[in-house]
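Notes follow once the structure below has been shown.
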Amino acid sequence: MFYIARRPRRNRKSEAIRDMVQETQLSLNDLIFPMFVVDGSGVKTEVSSMPGIYRHSPDLLLEEIKELQDLGIRAIDLFPNYPESLKDRAASESYREDTFYLKTLTAVKEKFPEITLMTDVAMDPYSSDGHDGVVVNGEILNDPTLEILGKMALAQARAGADIIGPSDMMDGRVGHIRSILDEAGFTGVSIMSYTAKYASAFYGPFRDALDSAPKFGDKKTYQMNPANKREALIEAQLDIEEGADFLMVKPALSYLDIISLLNDNFDIPVAAYNVSGEYAMIKAADRNGWLDGSRIAMEVVLSIRRAGAKVILTYFAKELAMGL
Ligand code: PBG
């Protein structure tokens, strides 16, 4: 007989005890479901690189949201897919009053006032260059982009957005959007800033979903270098000074250390975006019978939560809601 004073296995001996000592809980309150909307009616097309994720036309989107609400999902983040013909260099469709995305926001909010509606502020779905900023001679210009982002954010707030999500990584955009919103009386509209958004290959399937891939070059002059960690502290500090209500890290899985760093250093809630490529990898392996996709989905989202994200944007939200 060995004398072993401390036996951590005792706290794992039954399901009841394991549940009792479980440190991290996942709740539907923490999840935001990203969704894609396309103009038209009766349209529901699966994104080929994201099995189980669809582009819905507004009519079917509303039906889908009803289902999500019944499952207990309380927040969605809506992204539009625009045809090439409506894109231009200044993303002007993004704030045109009657554009289908803004009308959809209003329709969602009217029908589901208690659903938290998050929107995306960035030029890429509306830009003929496929970039998140104004392009002049191959360069992404910061300050001219801010003016467009301000108009876009204001139009989305007017249409009913609860949380504005600037995903562009221009300098000063949180402060600019905050002041535009406040001047127009939208002091109650929140900003979830894409604080540490990395120039990542994990966004590939999302760009398929929106047909929004850059037409030239990459996003490295505005999105962060995946090698950098200290720089995330600078971005977070600025976002807080500029008035952000949430910090976000994106992608999530390869950046758990960044989530943890921001959570340790700042007091506002940290969100993480479990992005399209992270979803696609798991779905692909599941389809091949190489791993159990549902168990992995739970493990992945739980690990993002454990790392320090209070809020998780994940394409697994509906699936998890069905299981939770
Ligand atoms: C656009 C935007 C992107 C994502 C969210 N907003 C793509 C990009 O920056 O190229 C990616 C989301 C995902 O991959 O799931 N500004």
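A note on labels: chains of the structure tokens are A, B, ... as shown, every chain counts residues from 1, and ligands are counted from 1 in their shown order.
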Open item on the list: DSSP on the backbone: which residues in stretch 28-261 of chain A end up as alpha helix (DSSP H)? Give the answer as a ChimeraX atom specification.
Closed with: /A:58-71,100-111,142-159,173-183,204-210,230-242,256-261
- [ ] Do a neighbour search on stretch 243-250 of chain A at 6 Å with only C-alpha atoms, toss out local chain neighbours closer than 3 positions, and write the hits as a PyMOL selection string.
- [x] chain A and resi 191-197+239-240+268-273
Just write the chosen residues, N, CA and C atoms, as an mmCIF file, in the first residue's frame.
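And here's again17.cif as it stands now:
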```
data_model
loop_
_atom_site.group_PDB
_atom_site.id
_atom_site.type_symbol
_atom_site.label_atom_id
_atom_site.label_comp_id
_atom_site.auth_asym_id
_atom_site.auth_seq_id
_atom_site.Cartn_x
_atom_site.Cartn_y
_atom_site.Cartn_z
ATOM 1 N N ILE A 191 -20.677 48.873 -28.325
ATOM 2 C CA ILE A 191 -19.624 48.550 -29.309
ATOM 3 C C ILE A 191 -18.822 47.346 -28.814
ATOM 4 N N MET A 192 -18.845 46.290 -29.620
ATOM 5 C CA MET A 192 -17.951 45.153 -29.361
ATOM 6 C C MET A 192 -16.822 45.262 -30.375
ATOM 7 N N SER A 193 -15.687 45.709 -29.914
ATOM 8 C CA SER A 193 -14.598 45.961 -30.841
ATOM 9 C C SER A 193 -13.813 44.689 -31.164
ATOM 10 N N TYR A 194 -13.554 44.479 -32.438
ATOM 11 C CA TYR A 194 -12.611 43.438 -32.826
ATOM 12 C C TYR A 194 -11.241 44.011 -32.463
ATOM 13 N N THR A 195 -10.814 43.717 -31.255
ATOM 14 C CA THR A 195 -9.638 44.363 -30.684
ATOM 15 C C THR A 195 -8.348 43.782 -31.228
ATOM 16 N N ALA A 196 -8.209 42.480 -31.046
ATOM 17 C CA ALA A 196 -7.033 41.774 -31.532
ATOM 18 C C ALA A 196 -7.516 40.836 -32.621
ATOM 19 N N LYS A 197 -7.619 41.404 -33.814
ATOM 20 C CA LYS A 197 -8.038 40.598 -34.961
ATOM 21 C C LYS A 197 -6.805 40.340 -35.808
ATOM 22 N N ASP A 239 -8.863 50.624 -27.380
ATOM 23 C CA ASP A 239 -10.307 50.380 -27.525
ATOM 24 C C ASP A 239 -11.054 50.804 -26.265
ATOM 25 N N ILE A 240 -10.457 50.534 -25.122
ATOM 26 C CA ILE A 240 -11.116 50.912 -23.871
ATOM 27 C C ILE A 240 -11.166 52.431 -23.746
ATOM 28 N N ILE A 268 -13.303 45.040 -18.778
ATOM 29 C CA ILE A 268 -14.547 44.857 -19.536
ATOM 30 C C ILE A 268 -14.590 43.435 -20.102
ATOM 31 N N PRO A 269 -15.781 42.926 -20.412
ATOM 32 C CA PRO A 269 -15.875 41.533 -20.858
ATOM 33 C C PRO A 269 -15.080 41.271 -22.145
ATOM 34 N N VAL A 270 -14.453 40.117 -22.179
ATOM 35 C CA VAL A 270 -13.703 39.705 -23.365
ATOM 36 C C VAL A 270 -14.546 38.705 -24.149
ATOM 37 N N ALA A 271 -14.622 38.941 -25.453
ATOM 38 C CA ALA A 271 -15.316 38.012 -26.346
ATOM 39 C C ALA A 271 -14.281 37.343 -27.236
ATOM 40 N N ALA A 272 -14.638 36.202 -27.797
ATOM 41 C CA ALA A 272 -13.752 35.535 -28.752
ATOM 42 C C ALA A 272 -14.587 35.044 -29.915
ATOM 43 N N TYR A 273 -14.017 35.126 -31.093
ATOM 44 C CA TYR A 273 -14.728 34.671 -32.301
ATOM 45 C C TYR A 273 -14.114 33.354 -32.760
#
```
- [ ] Show which residues sit within 6 Å of stretch 171-178 of chain A, as number ranges by chain. Count only C-alpha atoms, and ignore same-chain residues fewer than 2 positions away.
- [x] A: 146, 150, 180-181, 242
Please report, as JSON lines, each residue of chain A lying at most 10 Å from ligand 1, together with the nearest pair of atoms and the separation in Å rounded to one decimal; use only C-alpha atoms and all ligand atoms, and order rows by chain and ascending residue number.
```
{"residue": "A:Pro34", "atom": "CA", "partner": "ligand 1", "partner_atom_place_in_ligand_line": "15 (O)", "distance": 7.8}
{"residue": "A:Met35", "atom": "CA", "partner": "ligand 1", "partner_atom_place_in_ligand_line": "15 (O)", "distance": 9.7}
{"residue": "A:Met50", "atom": "CA", "partner": "ligand 1", "partner_atom_place_in_ligand_line": "15 (O)", "distance": 9.8}
{"residue": "A:Asp77", "atom": "CA", "partner": "ligand 1", "partner_atom_place_in_ligand_line": "5 (C)", "distance": 9.8}
{"residue": "A:Phe79", "atom": "CA", "partner": "ligand 1", "partner_atom_place_in_ligand_line": "6 (N)", "distance": 7.9}
{"residue": "A:Thr119", "atom": "CA", "partner": "ligand 1", "partner_atom_place_in_ligand_line": "6 (N)", "distance": 9.8}
{"residue": "A:Asp120", "atom": "CA", "partner": "ligand 1", "partner_atom_place_in_ligand_line": "6 (N)", "distance": 6.6}
{"residue": "A:Val121", "atom": "CA", "partner": "ligand 1", "partner_atom_place_in_ligand_line": "16 (N)", "distance": 7.3}
{"residue": "A:Ala122", "atom": "CA", "partner": "ligand 1", "partner_atom_place_in_ligand_line": "16 (N)", "distance": 5.0}
{"residue": "A:Met123", "atom": "CA", "partner": "ligand 1", "partner_atom_place_in_ligand_line": "16 (N)", "distance": 7.0}
{"residue": "A:Asp124", "atom": "CA", "partner": "ligand 1", "partner_atom_place_in_ligand_line": "16 (N)", "distance": 5.9}
{"residue": "A:Pro125", "atom": "CA", "partner": "ligand 1", "partner_atom_place_in_ligand_line": "1 (C)", "distance": 7.3}
{"residue": "A:Gly130", "atom": "CA", "partner": "ligand 1", "partner_atom_place_in_ligand_line": "10 (O)", "distance": 8.6}
{"residue": "A:His131", "atom": "CA", "partner": "ligand 1", "partner_atom_place_in_ligand_line": "10 (O)", "distance": 7.9}
{"residue": "A:Asp132", "atom": "CA", "partner": "ligand 1", "partner_atom_place_in_ligand_line": "16 (N)", "distance": 6.0}
{"residue": "A:Gly133", "atom": "CA", "partner": "ligand 1", "partner_atom_place_in_ligand_line": "16 (N)", "distance": 9.6}
{"residue": "A:Gly165", "atom": "CA", "partner": "ligand 1", "partner_atom_place_in_ligand_line": "6 (N)", "distance": 8.6}
{"residue": "A:Pro166", "atom": "CA", "partner": "ligand 1", "partner_atom_place_in_ligand_line": "16 (N)", "distance": 7.8}
{"residue": "A:Ser167", "atom": "CA", "partner": "ligand 1", "partner_atom_place_in_ligand_line": "16 (N)", "distance": 4.6}
{"residue": "A:Asp168", "atom": "CA", "partner": "ligand 1", "partner_atom_place_in_ligand_line": "16 (N)", "distance": 5.1}
{"residue": "A:Met169", "atom": "CA", "partner": "ligand 1", "partner_atom_place_in_ligand_line": "16 (N)", "distance": 8.4}
{"residue": "A:Tyr194", "atom": "CA", "partner": "ligand 1", "partner_atom_place_in_ligand_line": "6 (N)", "distance": 8.8}
{"residue": "A:Lys197", "atom": "CA", "partner": "ligand 1", "partner_atom_place_in_ligand_line": "9 (O)", "distance": 7.9}
{"residue": "A:Tyr198", "atom": "CA", "partner": "ligand 1", "partner_atom_place_in_ligand_line": "9 (O)", "distance": 8.5}
{"residue": "A:Ala199", "atom": "CA", "partner": "ligand 1", "partner_atom_place_in_ligand_line": "9 (O)", "distance": 7.6}
{"residue": "A:Ser200", "atom": "CA", "partner": "ligand 1", "partner_atom_place_in_ligand_line": "10 (O)", "distance": 8.1}
{"residue": "A:Ala201", "atom": "CA", "partner": "ligand 1", "partner_atom_place_in_ligand_line": "14 (O)", "distance": 8.6}
{"residue": "A:Phe202", "atom": "CA", "partner": "ligand 1", "partner_atom_place_in_ligand_line": "14 (O)", "distance": 6.0}
{"residue": "A:Tyr203", "atom": "CA", "partner": "ligand 1", "partner_atom_place_in_ligand_line": "14 (O)", "distance": 3.4}
{"residue": "A:Gly204", "atom": "CA", "partner": "ligand 1", "partner_atom_place_in_ligand_line": "14 (O)", "distance": 6.4}
{"residue": "A:Pro205", "atom": "CA", "partner": "ligand 1", "partner_atom_place_in_ligand_line": "14 (O)", "distance": 6.4}
{"residue": "A:Phe206", "atom": "CA", "partner": "ligand 1", "partner_atom_place_in_ligand_line": "14 (O)", "distance": 4.5}
{"residue": "A:Arg207", "atom": "CA", "partner": "ligand 1", "partner_atom_place_in_ligand_line": "7 (C)", "distance": 6.2}
{"residue": "A:Asp208", "atom": "CA", "partner": "ligand 1", "partner_atom_place_in_ligand_line": "14 (O)", "distance": 9.5}
{"residue": "A:Ala209", "atom": "CA", "partner": "ligand 1", "partner_atom_place_in_ligand_line": "15 (O)", "distance": 9.2}
{"residue": "A:Leu210", "atom": "CA", "partner": "ligand 1", "partner_atom_place_in_ligand_line": "7 (C)", "distance": 9.0}
{"residue": "A:Ser212", "atom": "CA", "partner": "ligand 1", "partner_atom_place_in_ligand_line": "10 (O)", "distance": 7.4}
{"residue": "A:Ala213", "atom": "CA", "partner": "ligand 1", "partner_atom_place_in_ligand_line": "10 (O)", "distance": 6.7}
{"residue": "A:Pro214", "atom": "CA", "partner": "ligand 1", "partner_atom_place_in_ligand_line": "10 (O)", "distance": 7.8}
{"residue": "A:Asp218", "atom": "CA", "partner": "ligand 1", "partner_atom_place_in_ligand_line": "10 (O)", "distance": 9.0}
{"residue": "A:Lys219", "atom": "CA", "partner": "ligand 1", "partner_atom_place_in_ligand_line": "10 (O)", "distance": 7.5}
{"residue": "A:Tyr222", "atom": "CA", "partner": "ligand 1", "partner_atom_place_in_ligand_line": "9 (O)", "distance": 9.8}
{"residue": "A:Gln223", "atom": "CA", "partner": "ligand 1", "partner_atom_place_in_ligand_line": "9 (O)", "distance": 7.8}
{"residue": "A:Lys250", "atom": "CA", "partner": "ligand 1", "partner_atom_place_in_ligand_line": "11 (C)", "distance": 8.1}
{"residue": "A:Pro251", "atom": "CA", "partner": "ligand 1", "partner_atom_place_in_ligand_line": "14 (O)", "distance": 7.6}
{"residue": "A:Tyr273", "atom": "CA", "partner": "ligand 1", "partner_atom_place_in_ligand_line": "15 (O)", "distance": 7.2}
{"residue": "A:Asn274", "atom": "CA", "partner": "ligand 1", "partner_atom_place_in_ligand_line": "15 (O)", "distance": 6.9}
{"residue": "A:Val275", "atom": "CA", "partner": "ligand 1", "partner_atom_place_in_ligand_line": "15 (O)", "distance": 3.6}
{"residue": "A:Ser276", "atom": "CA", "partner": "ligand 1", "partner_atom_place_in_ligand_line": "15 (O)", "distance": 3.6}
{"residue": "A:Gly277", "atom": "CA", "partner": "ligand 1", "partner_atom_place_in_ligand_line": "14 (O)", "distance": 6.1}
{"residue": "A:Glu278", "atom": "CA", "partner": "ligand 1", "partner_atom_place_in_ligand_line": "15 (O)", "distance": 8.1}
{"residue": "A:Tyr279", "atom": "CA", "partner": "ligand 1", "partner_atom_place_in_ligand_line": "15 (O)", "distance": 8.2}
{"residue": "A:Ala280", "atom": "CA", "partner": "ligand 1", "partner_atom_place_in_ligand_line": "15 (O)", "distance": 9.6}
{"residue": "A:Leu313", "atom": "CA", "partner": "ligand 1", "partner_atom_place_in_ligand_line": "15 (O)", "distance": 8.7}
{"residue": "A:Thr314", "atom": "CA", "partner": "ligand 1", "partner_atom_place_in_ligand_line": "15 (O)", "distance": 8.1}
{"residue": "A:Tyr315", "atom": "CA", "partner": "ligand 1", "partner_atom_place_in_ligand_line": "15 (O)", "distance": 7.9}
```
Strand (DSSP E or B) per DSSP on the backbone: members of stretch 174-324 of chain A, as a CSV table (one decimal) with all heavy atoms, in the first residue's frame:
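Dumped everything to out_21.csv:
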```
chain,number,residue,atom,x,y,z
A,190,SER,N,-24.2,49.5,-28.0
A,190,SER,CA,-22.9,49.1,-27.5
A,190,SER,C,-21.9,48.9,-28.7
A,190,SER,O,-22.3,48.7,-29.8
A,190,SER,CB,-23.1,47.7,-26.9
A,190,SER,OG,-24.1,47.7,-26.0
A,191,ILE,N,-20.7,48.9,-28.3
A,191,ILE,CA,-19.6,48.5,-29.3
A,191,ILE,C,-18.8,47.3,-28.8
A,191,ILE,O,-18.3,47.4,-27.7
A,191,ILE,CB,-18.7,49.7,-29.6
A,191,ILE,CG1,-19.4,50.9,-30.1
A,191,ILE,CG2,-17.5,49.3,-30.5
A,191,ILE,CD1,-18.6,52.2,-30.4
A,192,MET,N,-18.8,46.3,-29.6
A,192,MET,CA,-18.0,45.2,-29.4
A,192,MET,C,-16.8,45.3,-30.4
A,192,MET,O,-17.0,45.0,-31.6
A,192,MET,CB,-18.7,43.8,-29.5
A,192,MET,CG,-17.8,42.6,-29.2
A,192,MET,SD,-18.5,41.0,-29.4
A,192,MET,CE,-19.7,41.0,-28.1
A,193,SER,N,-15.7,45.7,-29.9
A,193,SER,CA,-14.6,46.0,-30.8
A,193,SER,C,-13.8,44.7,-31.2
A,193,SER,O,-13.5,43.9,-30.3
A,193,SER,CB,-13.6,47.0,-30.2
A,193,SER,OG,-12.5,47.2,-31.1
A,194,TYR,N,-13.6,44.5,-32.4
A,194,TYR,CA,-12.6,43.4,-32.8
A,194,TYR,C,-11.2,44.0,-32.5
A,194,TYR,O,-10.6,44.7,-33.2
A,194,TYR,CB,-12.7,43.2,-34.3
A,194,TYR,CG,-13.9,42.4,-34.8
A,194,TYR,CD1,-15.2,42.9,-34.6
A,194,TYR,CD2,-13.8,41.1,-35.4
A,194,TYR,CE1,-16.3,42.2,-35.1
A,194,TYR,CE2,-14.9,40.4,-35.9
A,194,TYR,CZ,-16.1,41.0,-35.7
A,194,TYR,OH,-17.2,40.3,-36.2
A,195,THR,N,-10.8,43.7,-31.3
A,195,THR,CA,-9.6,44.4,-30.7
A,195,THR,C,-8.3,43.8,-31.2
A,195,THR,O,-7.5,44.5,-31.8
A,195,THR,CB,-9.7,44.2,-29.2
A,195,THR,OG1,-10.8,44.8,-28.6
A,195,THR,CG2,-8.4,44.7,-28.5
A,196,ALA,N,-8.2,42.5,-31.0
A,196,ALA,CA,-7.0,41.8,-31.5
A,196,ALA,C,-7.5,40.8,-32.6
A,196,ALA,O,-7.8,39.7,-32.4
A,196,ALA,CB,-6.4,41.0,-30.4
A,197,LYS,N,-7.6,41.4,-33.8
A,197,LYS,CA,-8.0,40.6,-35.0
A,197,LYS,C,-6.8,40.3,-35.8
A,197,LYS,O,-6.2,41.3,-36.3
A,197,LYS,CB,-9.1,41.3,-35.8
A,197,LYS,CG,-9.5,40.6,-37.0
A,197,LYS,CD,-10.7,41.2,-37.7
A,197,LYS,CE,-11.0,40.4,-39.0
A,197,LYS,NZ,-12.2,40.9,-39.6
A,198,TYR,N,-6.5,39.1,-35.9
A,198,TYR,CA,-5.2,38.7,-36.6
A,198,TYR,C,-5.4,38.4,-38.1
A,198,TYR,O,-6.5,38.0,-38.5
A,198,TYR,CB,-4.7,37.4,-35.9
A,198,TYR,CG,-4.1,37.8,-34.5
A,198,TYR,CD1,-4.9,37.8,-33.4
A,198,TYR,CD2,-2.8,38.1,-34.4
A,198,TYR,CE1,-4.4,38.1,-32.2
A,198,TYR,CE2,-2.2,38.5,-33.2
A,198,TYR,CZ,-3.1,38.4,-32.0
A,198,TYR,OH,-2.5,38.8,-30.8
A,224,MET,N,-3.7,42.1,-37.3
A,224,MET,CA,-2.4,41.9,-36.6
A,224,MET,C,-1.6,40.7,-37.1
A,224,MET,O,-2.2,39.7,-37.6
A,224,MET,CB,-2.7,41.8,-35.1
A,224,MET,CG,-3.0,43.1,-34.4
A,224,MET,SD,-3.5,42.8,-32.7
A,224,MET,CE,-2.1,41.9,-32.1
A,246,PHE,N,-17.0,45.9,-25.1
A,246,PHE,CA,-16.4,44.5,-25.1
A,246,PHE,C,-15.1,44.6,-25.9
A,246,PHE,O,-15.0,45.3,-26.9
A,246,PHE,CB,-17.3,43.5,-25.8
A,246,PHE,CG,-18.7,43.4,-25.3
A,246,PHE,CD1,-19.7,44.3,-25.6
A,246,PHE,CD2,-19.0,42.3,-24.5
A,246,PHE,CE1,-21.0,44.1,-25.2
A,246,PHE,CE2,-20.3,42.1,-24.0
A,246,PHE,CZ,-21.3,43.0,-24.4
A,247,LEU,N,-14.2,43.7,-25.5
A,247,LEU,CA,-13.0,43.5,-26.3
A,247,LEU,C,-13.2,42.1,-27.0
A,247,LEU,O,-13.8,41.3,-26.4
A,247,LEU,CB,-11.7,43.4,-25.5
A,247,LEU,CG,-11.4,44.6,-24.6
A,247,LEU,CD1,-10.2,44.3,-23.7
A,247,LEU,CD2,-11.1,45.8,-25.5
A,248,MET,N,-12.7,42.0,-28.2
A,248,MET,CA,-12.8,40.7,-28.9
A,248,MET,C,-11.5,40.2,-29.4
A,248,MET,O,-10.7,41.0,-29.9
A,248,MET,CB,-13.8,40.7,-30.0
A,248,MET,CG,-14.2,39.3,-30.5
A,248,MET,SD,-14.5,39.3,-32.3
A,248,MET,CE,-16.1,40.1,-32.3
A,249,VAL,N,-11.3,38.9,-29.3
A,249,VAL,CA,-10.1,38.3,-29.9
A,249,VAL,C,-10.6,37.4,-31.0
A,249,VAL,O,-11.5,36.7,-30.9
A,249,VAL,CB,-9.3,37.5,-28.8
A,249,VAL,CG1,-8.2,36.7,-29.5
A,249,VAL,CG2,-8.8,38.3,-27.7
A,250,LYS,N,-9.8,37.4,-32.1
A,250,LYS,CA,-10.2,36.6,-33.3
A,250,LYS,C,-9.1,36.3,-34.1
A,250,LYS,O,-8.3,37.2,-34.4
A,250,LYS,CB,-11.2,37.5,-34.1
A,250,LYS,CG,-11.7,36.9,-35.4
A,250,LYS,CD,-12.6,37.9,-36.1
A,250,LYS,CE,-12.9,37.4,-37.4
A,250,LYS,NZ,-13.6,38.3,-38.2
A,270,VAL,N,-14.5,40.1,-22.2
A,270,VAL,CA,-13.7,39.7,-23.4
A,270,VAL,C,-14.5,38.7,-24.1
A,270,VAL,O,-15.1,37.8,-23.6
A,270,VAL,CB,-12.4,39.1,-23.0
A,270,VAL,CG1,-11.6,38.5,-24.2
A,270,VAL,CG2,-11.5,40.1,-22.2
A,271,ALA,N,-14.6,38.9,-25.5
A,271,ALA,CA,-15.3,38.0,-26.3
A,271,ALA,C,-14.3,37.3,-27.2
A,271,ALA,O,-13.2,37.9,-27.4
A,271,ALA,CB,-16.3,38.8,-27.2
A,272,ALA,N,-14.6,36.2,-27.8
A,272,ALA,CA,-13.8,35.5,-28.8
A,272,ALA,C,-14.6,35.0,-29.9
A,272,ALA,O,-15.7,34.6,-29.7
A,272,ALA,CB,-13.0,34.4,-28.1
A,273,TYR,N,-14.0,35.1,-31.1
A,273,TYR,CA,-14.7,34.7,-32.3
A,273,TYR,C,-14.1,33.4,-32.8
A,273,TYR,O,-13.0,33.3,-33.2
A,273,TYR,CB,-14.6,35.7,-33.4
A,273,TYR,CG,-15.7,35.7,-34.5
A,273,TYR,CD1,-16.2,36.8,-35.0
A,273,TYR,CD2,-16.1,34.4,-35.0
A,273,TYR,CE1,-17.2,36.7,-36.0
A,273,TYR,CE2,-17.0,34.4,-36.0
A,273,TYR,CZ,-17.5,35.5,-36.6
A,273,TYR,OH,-18.5,35.5,-37.6
A,274,ASN,N,-14.9,32.3,-32.6
A,274,ASN,CA,-14.5,31.0,-33.0
A,274,ASN,C,-14.9,30.9,-34.5
A,274,ASN,O,-16.0,30.7,-34.9
A,274,ASN,CB,-15.4,30.0,-32.2
A,274,ASN,CG,-15.2,28.5,-32.5
A,274,ASN,OD1,-16.2,27.7,-32.4
A,274,ASN,ND2,-14.1,28.1,-32.9
A,311,VAL,N,-17.8,35.9,-23.6
A,311,VAL,CA,-18.8,35.8,-24.8
A,311,VAL,C,-18.1,35.1,-25.9
A,311,VAL,O,-16.9,35.3,-26.2
A,311,VAL,CB,-19.1,37.2,-25.2
A,311,VAL,CG1,-20.1,37.2,-26.4
A,311,VAL,CG2,-19.7,38.1,-24.1
A,312,ILE,N,-18.8,34.2,-26.6
A,312,ILE,CA,-18.2,33.4,-27.7
A,312,ILE,C,-19.1,33.5,-28.9
A,312,ILE,O,-20.3,33.1,-28.8
A,312,ILE,CB,-18.0,32.0,-27.3
A,312,ILE,CG1,-17.0,31.9,-26.1
A,312,ILE,CG2,-17.4,31.2,-28.4
A,312,ILE,CD1,-17.0,30.6,-25.4
A,313,LEU,N,-18.6,34.0,-30.0
A,313,LEU,CA,-19.3,34.0,-31.3
A,313,LEU,C,-18.9,32.7,-31.9
A,313,LEU,O,-17.7,32.4,-32.2
A,313,LEU,CB,-18.8,35.1,-32.1
A,313,LEU,CG,-19.2,36.5,-31.6
A,313,LEU,CD1,-18.1,37.2,-30.9
A,313,LEU,CD2,-19.8,37.4,-32.7
A,314,THR,N,-19.9,31.8,-32.2
A,314,THR,CA,-19.5,30.5,-32.7
A,314,THR,C,-20.6,30.0,-33.6
A,314,THR,O,-21.8,30.1,-33.3
A,314,THR,CB,-19.2,29.5,-31.6
A,314,THR,OG1,-19.0,28.2,-32.2
A,314,THR,CG2,-20.4,29.3,-30.6
```
